[in-house]
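Visitor: Submitted below is the structure of interest, expressed as structure tokens.
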Amino acid sequence: MVWKNLPLSFHPNAMPAAMAAMAANDQGKFWDMHDKIFANQQKMSRDQYIAYAKDLKLDMAKFTKALDDAALKARIEADMADAGKLGVSGTPGFFVNGKFLSGAKPFGEFATAINAELKRLNLPIPPGAPAS
Amino acid sequence: MSKKNRERRDGEAGDDAKGGGGLNWLPMLLAAGALVLGFVAWTDAKQVKTDTLKRLVDMDTKLIALQTQVANSANAKPAPQQGPDPNKVYTVRTDGSPTKGSPTAPIVIAEFSDFQ
């Protein structure tokens, strides 16, 4: 599973949130920050992200500096440029081994795509894996 | 014939008598009025006809334009698909991106997403 940042321009809190998540990523805590932001989507603010960082026991000097770091922002913008080149304009957009699945699809569609890939690669579908 | 009608006829006869048999101004006026009204009605009808013809020509023109448009859109290539082609295999750059799971997993799901 790979996370690619695509903060949409009409989501004003999306870029600062992506910055906070990537700042946490630099300290190995991307997914923890990701989960905290998603769990509290109705209160998105810099103060919240700083509070999460404290919860996660991050190096706060590093974290707050990263929140405004131009190089970090450039990495997010590089993801956005990748999305532009691939033609992804909405979120979420998934690529399962390079095959595009658009939007928040029902789980079954992912199972179908994953099982098809396993079959193509001549790999066994793990026992107990959801059928497509 | 009723008495009333007869009296009126008598009266008309009396008027004729008074006019002395010459041209009476009242019928003349009525005739002139009728002519004027007729002329107005005729010009009106002519105008309506002209307007109607003009509108029909306009409608024809618009109809032809519409037909051309429909024909063009039928011939045009289908609208470019929204987003990546689901039948293609793309390469997604993953270096430096946050990941979860085994780095050697046979299946990699790349998610483009935001937090809002």
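By order of appearance in the structure tokens: chains A, B, ..., then residues from 1 within every chain, and ligands from 1 in the order shown.
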Identify every residue of chain A that has at least one atom within 7 Å of any atom of chain B, counting only C-alpha atoms, and report the result as number ranges by chain.
Guide: A: 1-8, 11, 13-14, 17-18, 25, 30, 38, 41, 86-89, 91-101
Visitor: Which of segment 1-126 of chain A counts as strand (DSSP E) under DSSP, as JSON, numbers by chain please?
Guide: {"A": [2, 3, 4, 5, 93, 94, 95, 96, 99, 100, 101, 102]}
Visitor: What is the atom CA of Trp31 of chain A-atom CA of Gly84 of chain A distance in Å, reported with one decimal?
Guide: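 So the answer is 24.3 Å.
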Visitor: If you count only C-alpha atoms, which residues fall within 10 Å of Met60 of chain A, apart from same-chain ones fewer than 6 positions away, as JSON, numbers by chain?
Guide: {"A": [50, 51, 53, 54, 66]}
Visitor: By how many Å are atom CA of Lys73 of chain A and atom CA of Pro12 of chain A apart?
Guide: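 For atom CA of Lys73 of chain A relative to atom CA of Pro12 of chain A, the distance reads 14.7 Å.
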Visitor: Write out as a PDB file with N, CA and C atoms, in the first residue's frame which residues come within 12 Å of Ala74 of chain A when counting only C-alpha atoms, dropping same-chain ones fewer than 4 positions away.
Guide:
ATOM      1  N   ASN A   5      -0.043  11.750  -2.258  1.00  0.00           N
ATOM      2  CA  ASN A   5      -0.810  12.935  -1.838  1.00  0.00           C
ATOM      3  C   ASN A   5      -1.493  13.619  -3.016  1.00  0.00           C
ATOM      4  N   MET A  15      -4.194  20.512   2.028  1.00  0.00           N
ATOM      5  CA  MET A  15      -2.741  20.682   1.918  1.00  0.00           C
ATOM      6  C   MET A  15      -2.074  20.757   3.301  1.00  0.00           C
ATOM      7  N   ALA A  18      -1.974  17.312   4.635  1.00  0.00           N
ATOM      8  CA  ALA A  18      -0.968  16.502   3.951  1.00  0.00           C
ATOM      9  C   ALA A  18       0.424  16.849   4.474  1.00  0.00           C
ATOM     10  N   MET A  19       0.663  18.145   4.721  1.00  0.00           N
ATOM     11  CA  MET A  19       1.952  18.578   5.271  1.00  0.00           C
ATOM     12  C   MET A  19       2.187  17.935   6.640  1.00  0.00           C
ATOM     13  N   MET A  22       2.910  14.237   6.218  1.00  0.00           N
ATOM     14  CA  MET A  22       4.249  13.994   5.664  1.00  0.00           C
ATOM     15  C   MET A  22       5.335  14.395   6.668  1.00  0.00           C
ATOM     16  N   ALA A  66       8.830  21.300   9.980  1.00  0.00           N
ATOM     17  CA  ALA A  66       8.433  20.603   8.757  1.00  0.00           C
ATOM     18  C   ALA A  66       7.070  21.089   8.245  1.00  0.00           C
ATOM     19  N   ASP A  68       6.045  23.893   7.778  1.00  0.00           N
ATOM     20  CA  ASP A  68       6.200  25.027   6.862  1.00  0.00           C
ATOM     21  C   ASP A  68       7.346  24.818   5.877  1.00  0.00           C
ATOM     22  N   ASP A  69       7.806  23.573   5.771  1.00  0.00           N
ATOM     23  CA  ASP A  69       8.993  23.311   4.960  1.00  0.00           C
ATOM     24  C   ASP A  69       8.656  23.267   3.463  1.00  0.00           C
ATOM     25  N   ALA A  70       9.351  24.115   2.727  1.00  0.00           N
ATOM     26  CA  ALA A  70       9.096  24.200   1.285  1.00  0.00           C
ATOM     27  C   ALA A  70       9.441  22.892   0.566  1.00  0.00           C
ATOM     28  N   ALA A  78       4.909  17.114  -6.040  1.00  0.00           N
ATOM     29  CA  ALA A  78       5.387  16.119  -7.009  1.00  0.00           C
ATOM     30  C   ALA A  78       4.358  14.988  -7.153  1.00  0.00           C
ATOM     31  N   ASP A  79       3.743  14.601  -6.033  1.00  0.00           N
ATOM     32  CA  ASP A  79       2.663  13.601  -6.087  1.00  0.00           C
ATOM     33  C   ASP A  79       1.494  14.137  -6.920  1.00  0.00           C
ATOM     34  N   MET A  80       1.172  15.408  -6.689  1.00  0.00           N
ATOM     35  CA  MET A  80       0.066  16.022  -7.431  1.00  0.00           C
ATOM     36  C   MET A  80       0.376  16.052  -8.927  1.00  0.00           C
ATOM     37  N   ALA A  81       1.635  16.312  -9.247  1.00  0.00           N
ATOM     38  CA  ALA A  81       2.049  16.327 -10.656  1.00  0.00           C
ATOM     39  C   ALA A  81       1.926  14.922 -11.248  1.00  0.00           C
TER      40      ALA A  81
END
Visitor: As an exercise, work out the distance from atom CA of Met33 of chain A to atom CA of Ser102 of chain A in Å and give it to one decimal place.
Guide: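 That distance, rounded to one decimal, is 24.5 Å.
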